[in-house]
$ cat coords_10.cif   # mmCIF, C-alpha atoms
data_protein
loop_
_atom_site.label_atom_id
_atom_site.label_comp_id
_atom_site.auth_asym_id
_atom_site.auth_seq_id
_atom_site.Cartn_x
_atom_site.Cartn_y
_atom_site.Cartn_z
CA MET Q 1 -46.46 1.27 138.01
CA SER Q 2 -49.94 -0.12 137.88
CA GLU Q 3 -51.01 -3.63 137.11
CA PHE Q 4 -54.10 -4.04 135.01
CA SER Q 5 -56.52 -6.85 135.61
CA ALA Q 6 -58.65 -7.89 132.70
CA PRO Q 7 -62.19 -9.02 133.24
CA ALA Q 8 -63.17 -12.54 132.31
CA LEU Q 9 -64.46 -11.22 129.01
CA ASN Q 10 -61.01 -11.56 127.50
CA GLU Q 11 -61.30 -15.34 127.76
CA VAL Q 12 -63.87 -15.17 124.97
CA PRO Q 13 -62.34 -14.06 121.67
CA ALA Q 14 -64.45 -11.31 120.18
CA PRO Q 15 -65.39 -11.58 116.55
CA ALA Q 16 -63.60 -9.03 114.40
CA GLY Q 17 -65.45 -5.75 114.43
CA SER Q 18 -67.31 -6.38 117.67
CA ARG Q 19 -67.60 -3.38 119.98
CA LEU Q 20 -67.11 -3.22 123.73
CA VAL Q 21 -69.33 -0.30 124.53
CA VAL Q 22 -69.73 -1.30 128.19
CA LEU Q 23 -66.00 -1.25 128.78
CA ALA Q 24 -65.36 1.98 126.93
CA ALA Q 25 -65.28 3.99 130.13
CA ASP Q 26 -62.69 1.77 131.75
CA GLU Q 27 -59.56 2.42 129.76
CA ALA Q 28 -57.33 0.27 131.95
CA ALA Q 29 -59.54 -2.76 131.33
CA LEU Q 30 -59.62 -1.98 127.65
CA ILE Q 31 -55.83 -1.81 127.49
CA ALA Q 32 -55.49 -5.04 129.46
CA LEU Q 33 -57.79 -6.76 126.99
CA CYS Q 34 -55.76 -5.43 124.06
CA GLN Q 35 -52.62 -6.75 125.73
CA ARG Q 36 -54.27 -10.16 125.59
CA ARG Q 37 -54.91 -9.75 121.85
CA HIS Q 38 -58.61 -8.93 122.05
CA GLN Q 39 -59.52 -7.33 118.72
CA GLY Q 40 -62.90 -6.07 119.87
CA ALA Q 41 -61.21 -4.10 122.66
CA PHE Q 42 -58.64 -2.82 120.21
CA ARG Q 43 -61.40 -1.55 117.95
CA GLN Q 44 -62.78 0.42 120.88
CA LEU Q 45 -59.33 1.82 121.69
CA TYR Q 46 -58.99 2.83 118.04
CA GLU Q 47 -62.34 4.65 118.17
CA ASN Q 48 -61.23 6.48 121.31
CA TYR Q 49 -57.91 7.68 119.94
CA VAL Q 50 -58.14 7.88 116.14
CA GLY Q 51 -58.96 11.60 116.27
CA MET Q 52 -55.91 12.43 118.39
CA VAL Q 53 -53.59 10.22 116.33
CA TYR Q 54 -54.83 11.50 112.97
CA ALA Q 55 -54.58 15.14 114.06
CA LEU Q 56 -50.90 14.70 114.94
CA CYS Q 57 -50.19 12.69 111.77
CA LEU Q 58 -51.91 15.32 109.62
CA ARG Q 59 -49.99 18.22 111.18
CA LEU Q 60 -46.66 16.40 110.87
CA THR Q 61 -47.14 15.23 107.28
CA ALA Q 62 -49.28 18.14 106.00
CA ASP Q 63 -50.84 15.69 103.58
CA ARG Q 64 -54.20 13.93 104.03
CA SER Q 65 -53.26 10.72 102.25
CA MET Q 66 -49.90 10.40 104.02
CA ALA Q 67 -51.58 11.16 107.34
CA GLU Q 68 -54.09 8.35 106.78
CA ASP Q 69 -51.31 5.88 105.98
CA ALA Q 70 -49.21 7.04 108.93
CA ALA Q 71 -52.20 6.80 111.31
CA GLN Q 72 -52.80 3.22 110.16
CA GLU Q 73 -49.15 2.45 110.84
CA VAL Q 74 -49.47 3.97 114.31
CA PHE Q 75 -52.35 1.64 115.21
CA ILE Q 76 -50.57 -1.38 113.75
CA GLN Q 77 -47.52 -0.47 115.86
CA LEU Q 78 -49.83 -0.01 118.84
CA TRP Q 79 -51.21 -3.53 118.38
CA ASN Q 80 -47.67 -4.89 118.10
CA ARG Q 81 -46.33 -3.03 121.12
CA ILE Q 82 -49.21 -2.62 123.50
CA GLU Q 83 -47.95 -5.51 125.63
CA SER Q 84 -44.99 -3.31 126.58
CA PHE Q 85 -47.24 -0.57 128.03
CA ARG Q 86 -46.87 -0.79 131.82
CA GLY Q 87 -48.67 2.34 132.91
CA GLU Q 88 -45.61 4.39 133.97
CA SER Q 89 -47.12 7.31 132.05
CA SER Q 90 -50.69 7.89 130.96
CA PHE Q 91 -51.76 5.86 127.97
CA ALA Q 92 -52.41 9.04 125.96
CA THR Q 93 -48.82 10.23 126.60
CA TRP Q 94 -47.41 6.83 125.66
CA LEU Q 95 -49.51 6.67 122.49
CA HIS Q 96 -48.53 10.23 121.63
CA ALA Q 97 -44.83 9.30 121.74
CA LEU Q 98 -45.50 6.19 119.66
CA CYS Q 99 -47.44 8.29 117.16
CA THR Q 100 -44.65 10.88 116.86
CA ASN Q 101 -41.94 8.26 116.35
CA THR Q 102 -43.97 6.21 113.89
CA THR Q 103 -44.96 9.23 111.82
CA LEU Q 104 -41.39 10.57 111.67
CA SER Q 105 -40.25 7.12 110.67
CA TYR Q 106 -42.97 7.07 107.99
CA LEU Q 107 -41.75 10.43 106.68
CA ARG Q 108 -38.16 9.20 106.63
CA ARG Q 109 -39.19 6.26 104.48
CA HIS Q 110 -41.49 8.13 102.15
CA LYS Q 111 -39.67 11.38 101.61
CA ASN Q 112 -36.16 12.37 100.87
CA TRP Q 113 -35.58 12.89 104.57
CA ARG Q 114 -31.86 13.42 104.44
CA GLN Q 115 -32.18 16.20 101.91
CA ARG Q 116 -35.21 17.84 103.52
CA ILE Q 117 -34.36 17.56 107.20
CA HIS Q 118 -30.63 17.14 107.68
CA LEU Q 119 -29.19 18.96 104.72
CA GLY Q 120 -32.09 21.17 103.76
CA ASP Q 121 -32.12 24.61 105.27
CA ASP Q 122 -35.47 26.37 105.44
CA THR Q 123 -33.92 29.69 106.48
CA ASP Q 124 -34.03 31.35 103.09
CA GLU Q 125 -37.50 29.98 102.37
CA LEU Q 126 -38.78 31.33 105.70
CA ALA Q 127 -37.16 34.73 105.15
CA ALA Q 128 -38.59 35.02 101.63
CA ALA Q 129 -42.06 34.09 102.87
CA LEU Q 130 -41.83 36.74 105.58
CA GLU Q 131 -41.08 39.41 103.01
CA ALA Q 132 -43.84 38.30 100.63
CA GLU Q 133 -47.55 39.00 100.86
CA PRO Q 134 -49.43 36.34 102.87
CA PRO Q 135 -51.08 33.73 100.64
CA PRO Q 136 -54.81 34.43 100.39
CA ASP Q 137 -56.00 30.96 101.39
CA LEU Q 138 -54.61 30.80 104.94
CA GLY Q 139 -57.66 31.22 107.13
CA ASP Q 140 -56.57 29.46 110.29
CA LEU Q 141 -53.52 28.21 112.17
CA ASP Q 142 -53.79 24.66 110.78
CA ALA Q 143 -53.68 26.02 107.23
CA CYS Q 144 -50.57 28.03 108.14
CA ILE Q 145 -48.92 24.97 109.67
CA ARG Q 146 -49.53 22.99 106.48
CA ARG Q 147 -47.91 25.78 104.45
CA LEU Q 148 -44.68 25.91 106.50
CA PRO Q 149 -41.52 24.41 104.98
CA GLU Q 150 -41.06 20.83 106.17
CA ARG Q 151 -38.39 21.18 108.84
CA ALA Q 152 -39.94 24.36 110.18
CA ARG Q 153 -43.32 22.62 110.28
CA LEU Q 154 -42.04 19.62 112.22
CA ILE Q 155 -40.39 21.92 114.75
CA PHE Q 156 -43.47 24.12 115.05
CA VAL Q 157 -45.79 21.13 115.55
CA LEU Q 158 -43.59 19.20 117.98
CA HIS Q 159 -42.52 22.18 120.09
CA GLY Q 160 -45.25 24.76 119.59
CA VAL Q 161 -48.35 22.60 119.28
CA GLU Q 162 -47.39 19.43 121.15
CA GLY Q 163 -45.24 21.08 123.80
CA MET Q 164 -42.12 18.95 123.47
CA ARG Q 165 -38.92 20.49 124.80
CA GLN Q 166 -36.62 21.97 122.16
CA GLU Q 167 -33.85 19.53 123.16
CA GLU Q 168 -36.19 16.59 122.63
CA VAL Q 169 -37.21 17.91 119.22
CA ALA Q 170 -33.56 18.40 118.26
CA GLU Q 171 -32.76 14.83 119.24
CA LEU Q 172 -35.77 13.42 117.38
CA LEU Q 173 -34.93 15.28 114.19
CA GLY Q 174 -31.17 14.85 114.49
CA ILE Q 175 -30.42 18.58 114.38
CA ALA Q 176 -28.81 21.07 116.78
CA PRO Q 177 -30.95 22.54 119.61
CA GLY Q 178 -29.94 26.02 118.40
CA THR Q 179 -31.43 25.26 115.01
CA VAL Q 180 -34.70 24.24 116.63
CA LYS Q 181 -34.78 27.47 118.62
CA ALA Q 182 -34.02 29.69 115.64
CA GLN Q 183 -36.41 27.92 113.29
CA PHE Q 184 -39.21 27.98 115.81
CA HIS Q 185 -38.76 31.71 116.26
CA ARG Q 186 -38.89 32.31 112.51
CA SER Q 187 -41.85 29.96 112.10
CA LYS Q 188 -43.79 31.89 114.75
CA GLN Q 189 -43.06 35.14 112.95
CA LEU Q 190 -44.17 33.68 109.65
CA VAL Q 191 -47.37 32.20 111.06
CA LEU Q 192 -48.28 35.55 112.64
CA HIS Q 193 -47.45 37.30 109.37
CA TRP Q 194 -49.75 34.93 107.50
CA LEU Q 195 -52.49 35.38 110.09
CA GLY Q 196 -52.16 39.13 109.72
CA HIS Q 197 -51.05 39.73 113.30
CA SER Q 198 -47.35 40.37 112.98
CA SER Q 199 -46.58 43.93 114.06
CA GLN Q 200 -43.04 44.05 112.69
CA PRO Q 201 -41.53 41.03 110.94
CA GLU Q 202 -37.87 40.60 111.86
CA VAL Q 203 -36.12 39.34 108.78
CA ASP Q 204 -32.68 37.92 109.31
CA HIS Q 205 -30.72 35.76 106.95
CA ASP Q 206 -28.25 33.99 109.24
CA MET K 1 -42.41 40.08 118.02
CA THR K 2 -44.49 41.94 120.57
CA ASP K 3 -46.23 40.53 123.64
CA HIS K 4 -49.47 41.09 121.80
CA ASP K 5 -48.25 38.86 118.94
CA GLU K 6 -47.15 36.17 121.39
CA LEU K 7 -50.49 36.30 123.13
CA HIS K 8 -52.35 36.02 119.86
CA LEU K 9 -50.29 32.99 118.84
CA GLN K 10 -50.80 31.33 122.23
CA ARG K 11 -54.56 31.77 121.87
CA ALA K 12 -54.49 30.35 118.34
CA LEU K 13 -52.43 27.37 119.54
CA GLN K 14 -54.83 26.72 122.41
CA ALA K 15 -57.77 26.90 120.04
CA LEU K 16 -56.36 24.21 117.74
CA PRO K 17 -58.57 21.10 117.76
CA ARG K 18 -56.87 18.25 119.64
CA GLU K 19 -58.73 15.74 117.51
CA ILE K 20 -59.38 15.59 113.77
CA GLN K 21 -61.34 12.71 112.30
CA PRO K 22 -59.96 11.17 109.09
CA GLU K 23 -62.23 11.41 106.06
CA ARG K 24 -62.07 7.68 105.35
CA ASP K 25 -62.42 4.73 107.71
CA LEU K 26 -58.92 3.56 108.58
CA TRP K 27 -60.04 0.54 110.60
CA PRO K 28 -60.43 -2.01 107.74
CA GLY K 29 -56.78 -1.49 106.72
CA ILE K 30 -55.59 -1.77 110.31
CA VAL K 31 -57.52 -4.94 111.13
CA HIS K 32 -56.44 -6.47 107.83
CA ALA K 33 -52.78 -5.81 108.64
CA ILE K 34 -52.94 -7.11 112.21
CA GLN K 35 -54.79 -10.26 111.21
CA HIS K 36 -52.22 -10.83 108.48
CA ARG K 37 -49.45 -10.38 111.04
CA GLU K 38 -51.02 -12.92 113.40
CA LEU K 39 -51.18 -15.43 110.54
CA ARG K 40 -47.59 -14.75 109.57
CA ALA K 41 -46.43 -15.10 113.17
CA LYS K 42 -47.83 -18.62 113.21
CA GLY K 43 -45.68 -19.51 110.22
CA SER K 44 -42.78 -17.11 110.55
CA PRO K 45 -39.52 -17.86 108.72
CA THR K 46 -37.74 -18.50 112.04
CA VAL K 47 -40.33 -21.05 113.13
CA ARG K 48 -40.29 -22.64 109.68
CA ARG K 49 -36.50 -22.89 109.69
CA LEU K 50 -36.44 -24.40 113.18
CA ALA K 51 -39.04 -26.96 112.14
CA LEU K 52 -37.04 -27.75 109.02
CA ALA K 53 -33.80 -28.12 110.99
CA ALA K 54 -35.49 -30.50 113.43
CA SER K 55 -37.01 -32.63 110.68
CA LEU K 56 -33.71 -32.75 108.78
CA LEU K 57 -31.88 -33.95 111.87
CA LEU K 58 -34.44 -36.69 112.31
CA VAL K 59 -34.20 -37.74 108.67
CA LEU K 60 -30.40 -37.67 108.78
CA ALA K 61 -30.26 -39.85 111.89
CA SER K 62 -32.75 -42.42 110.63
CA SER K 63 -31.17 -42.53 107.16
CA LEU K 64 -27.72 -43.13 108.62
CA TYR K 65 -29.16 -45.96 110.70
CA TYR K 66 -30.94 -47.63 107.78
CA GLY K 67 -28.17 -46.82 105.30
CA LEU K 68 -25.78 -48.97 107.27
CA ARG K 69 -27.94 -51.96 106.40
CA GLN K 70 -27.91 -51.38 102.60
CA PRO K 71 -24.93 -53.02 100.89
CA GLY K 72 -23.27 -51.15 97.99
CA ILE K 73 -24.52 -47.67 98.94
CA SER K 74 -22.70 -45.58 101.49
CA PRO K 75 -24.78 -44.56 104.53
CA GLU K 76 -23.76 -40.93 103.94
CA ARG K 77 -25.22 -40.98 100.43
CA VAL K 78 -28.48 -42.51 101.65
CA ALA K 79 -28.69 -39.83 104.34
CA LEU K 80 -27.99 -36.97 101.92
CA GLU K 81 -30.59 -38.22 99.44
CA ALA K 82 -33.15 -38.49 102.21
CA MET K 83 -32.25 -35.00 103.38
CA ILE K 84 -32.76 -33.55 99.89
CA ALA K 85 -36.14 -35.29 99.63
CA GLU K 86 -37.11 -33.82 103.00
CA LEU K 87 -36.00 -30.33 101.86
CA GLN K 88 -38.22 -30.65 98.80
CA SER K 89 -41.20 -31.89 100.79
CA HIS K 90 -40.84 -29.15 103.45
CA HIS K 91 -40.56 -26.39 100.88
CA GLN K 92 -43.66 -27.61 99.02
CA SER K 93 -45.59 -27.70 102.26
CA SER K 94 -44.50 -24.13 103.25
CA LYS K 95 -45.42 -22.80 99.83
CA GLN K 96 -48.80 -24.47 99.91
CA THR K 97 -49.53 -23.06 103.38
CA LEU K 98 -48.74 -19.53 102.17
CA LEU K 99 -50.91 -19.91 99.07
CA VAL K 100 -53.81 -21.10 101.23
CA GLN K 101 -53.37 -18.07 103.52
CA TYR K 102 -53.52 -15.73 100.55
CA ARG K 103 -56.24 -17.53 98.61
CA ASP K 104 -58.84 -14.76 99.10
CA GLN K 105 -56.50 -11.90 98.19
CA PRO K 106 -56.05 -10.54 94.69
CA ALA K 107 -52.58 -10.76 93.17
CA ALA K 108 -50.73 -7.45 92.85
CA TYR K 109 -49.73 -8.30 89.28
CA GLU K 110 -50.84 -10.94 86.83
CA ASP K 111 -47.68 -12.53 85.44
CA TRP K 112 -46.47 -13.79 88.81
CA GLN K 113 -47.33 -17.38 87.88
CA HIS K 114 -44.97 -17.16 84.93
CA GLN K 115 -42.19 -16.00 87.26
CA MET K 116 -43.05 -18.78 89.69
CA GLN K 117 -42.90 -21.35 86.87
CA GLU K 118 -39.39 -20.18 85.97
CA LEU K 119 -38.29 -20.52 89.60
CA GLU K 120 -39.88 -23.98 89.85
CA ASP K 121 -38.11 -25.08 86.66
CA ALA K 122 -34.82 -23.90 88.15
CA GLU K 123 -35.62 -25.76 91.37
CA ASP K 124 -36.31 -29.00 89.44
CA ALA K 125 -33.02 -28.69 87.56
CA ILE K 126 -31.14 -28.25 90.83
CA TYR K 127 -32.87 -31.27 92.35
CA ARG K 128 -31.87 -33.37 89.33
CA ALA K 129 -28.27 -32.23 89.66
CA LEU K 130 -28.32 -32.93 93.39
CA ARG K 131 -29.48 -36.49 92.83
CA GLN K 132 -26.31 -37.04 90.83
CA ASP K 133 -24.15 -35.17 93.30
CA PRO K 134 -25.93 -35.03 96.67
CA ASP K 135 -22.82 -33.82 98.51
CA ASN K 136 -22.53 -30.63 96.43
CA ARG K 137 -22.87 -27.80 98.97
CA GLU K 138 -22.88 -25.14 96.29
CA LEU K 139 -25.94 -26.70 94.68
CA LEU K 140 -27.64 -26.93 98.07
CA GLY K 141 -27.01 -23.21 98.60
CA ILE K 142 -28.48 -22.34 95.20
CA LEU K 143 -31.49 -24.55 95.93
CA ARG K 144 -32.16 -22.65 99.14
CA GLN K 145 -31.89 -19.31 97.32
CA VAL K 146 -34.37 -20.41 94.66
CA GLN K 147 -36.81 -21.66 97.30
CA ASP K 148 -36.52 -18.39 99.27
CA LYS K 149 -37.21 -16.47 96.06
CA GLN K 150 -40.42 -18.45 95.55
CA ILE K 151 -41.61 -17.60 99.07
CA ARG K 152 -40.67 -13.92 98.64
CA LEU K 153 -42.48 -13.81 95.31
CA ILE K 154 -45.69 -15.08 96.92
CA ASP K 155 -45.33 -12.55 99.73
CA ALA K 156 -44.69 -9.69 97.32
CA VAL K 157 -47.66 -10.61 95.13
CA PHE K 158 -50.19 -11.09 97.91
CA SER K 159 -48.99 -9.17 100.96
CA PRO K 160 -51.40 -6.36 101.88
CA ARG K 161 -50.55 -2.80 100.94
CA LEU K 162 -52.09 -0.19 103.21
CA ASN K 163 -52.52 2.33 100.42
CA SER K 164 -54.79 0.05 98.49
CA ILE K 165 -57.11 -0.80 101.35
#
$ encode --input "coords_10.cif" --output "structure tokens"
Amino acid sequence: MSEFSAPALNEVPAPAGSRLVVLAADEAALIALCQRRHQGAFRQLYENYVGMVYALCLRLTADRSMAEDAAQEVFIQLWNRIESFRGESSFATWLHALCTNTTLSYLRRHKNWRQRIHLGDDTDELAAALEAEPPPDLGDLDACIRRLPERARLIFVLHGVEGMRQEEVAELLGIAPGTVKAQFHRSKQLVLHWLGHSSQPEVDHD
Amino acid sequence: MTDHDELHLQRALQALPREIQPERDLWPGIVHAIQHRELRAKGSPTVRRLALAASLLLVLASSLYYGLRQPGISPERVALEAMIAELQSHHQSSKQTLLVQYRDQPAAYEDWQHQMQELEDAEDAIYRALRQDPDNRELLGILRQVQDKQIRLIDAVFSPRLNSI
């Protein structure tokens, strides 16, 4: 555990929108300033991480407008909770977890989560997509991710892209680890099929 | 899936950009929300209720003391009347503080003042009834509900909505 020491700058409240270019390289100082409610430092932290946060929000929601709203919520949560960051993990890892939880929570509130995630079963949809011709507008992996059915997409992003363990993903989504494993396998097949690199799609309907 | 497929997918995953910049500037909405939160924290319902409880205790104690010196009126009645007056004064002050906080923000819908007028009329009627029957706990409960509705109405009309920023 590391203790951060803030420079004397935090004694002077920064006007909203001010930038701390000099401190940008020293993330620990920046975080310490944010923990003391320094909005100028927070602006700098936002600039440093908005790309990472928005990328994750966009892949999880598959919708630009929802991703923008979710990313705003992530930074509002960050402002509210940054005092609890103690440096046990890297700040990027901590923010990543906050971003994942906030975005899933956003999706739960804004979509019919129970129907789509808990009760919904993407199996048939995935199998049908595997048997069909790939849509013509899927040029890259991100486009394929956006096209995946919702539960399959969340699993693919959290496990395949972000590297979370399947058990962690299962716990986050409230589904069985076996479901995560099976859906990830089918999602991989489908993505390769769409990218034109699947040698032999294995269609199963279990 | 063959090893070749797996390898291709791994390469595609590794090539994914770790950062994507949003098309619009998200910062104004964020700073608006956090500044709003700081303002609300200064006048949060818990703090307001604690302040109200403290002031009511003070009013009750002083009214009981002075009520003992007024012949013909029971000290309890004097205290209850003073407490109701303090409730009214505190609520007006809280409402005014909220309206000042929101003075630069547009209202989400236009007929909110009509709704507020209806709630204020109901509040006045309850106050009049309470003056006749200051010990009526049911009326006190209704008064509190009506006052809470006024505060919630102001919040709902003026609180920031991220989508619109």
$ interface_residues --input "coords_10.cif" --of "chain Q" --to "chain K" --cutoff "9 Å" --atoms "only C-alpha atoms" --output "ChimeraX atom specification"
/Q:16-17,39,43,46-47,49-56,58,64-65,67-69,71-73,75-76,79-80,140-142,160-161,188-189,191-192,197-202
$ atom_distance --input "coords_10.cif" --atom1 "CA of Met66 in chain Q" --atom2 "CA of Glu150 in chain Q"
13.8 Å
$ resolve_selection --input "coords_10.cif" --expression "the PyMOL selection byres ((chain Q and resi 153) around 10)" --output "PyMOL selection string"
chain Q and resi 59-62+122+144-152+154-160+183-184+187
$ resolve_selection --input "coords_10.cif" --expression "the PyMOL selection byres ((chain K and resi 141-144) around 10)" --output "list in words"
Ile84, Leu87, Gln88, His91, Ala122, Glu123, Asp124, Ala125, Ile126, Tyr127, Leu130, Asn136, Arg137, Glu138, Leu139, Leu140, Gln145, Val146, Gln147, Asp148, Lys149 and Gln150 of chain K
$ atom_distance --input "coords_10.cif" --atom1 "CA of Phe91 in chain Q" --atom2 "CA of Arg165 in chain Q"
19.7 Å
$ atom_distance --input "coords_10.cif" --atom1 "CA of Leu80 in chain K" --atom2 "CA of Thr97 in chain K"
25.7 Å
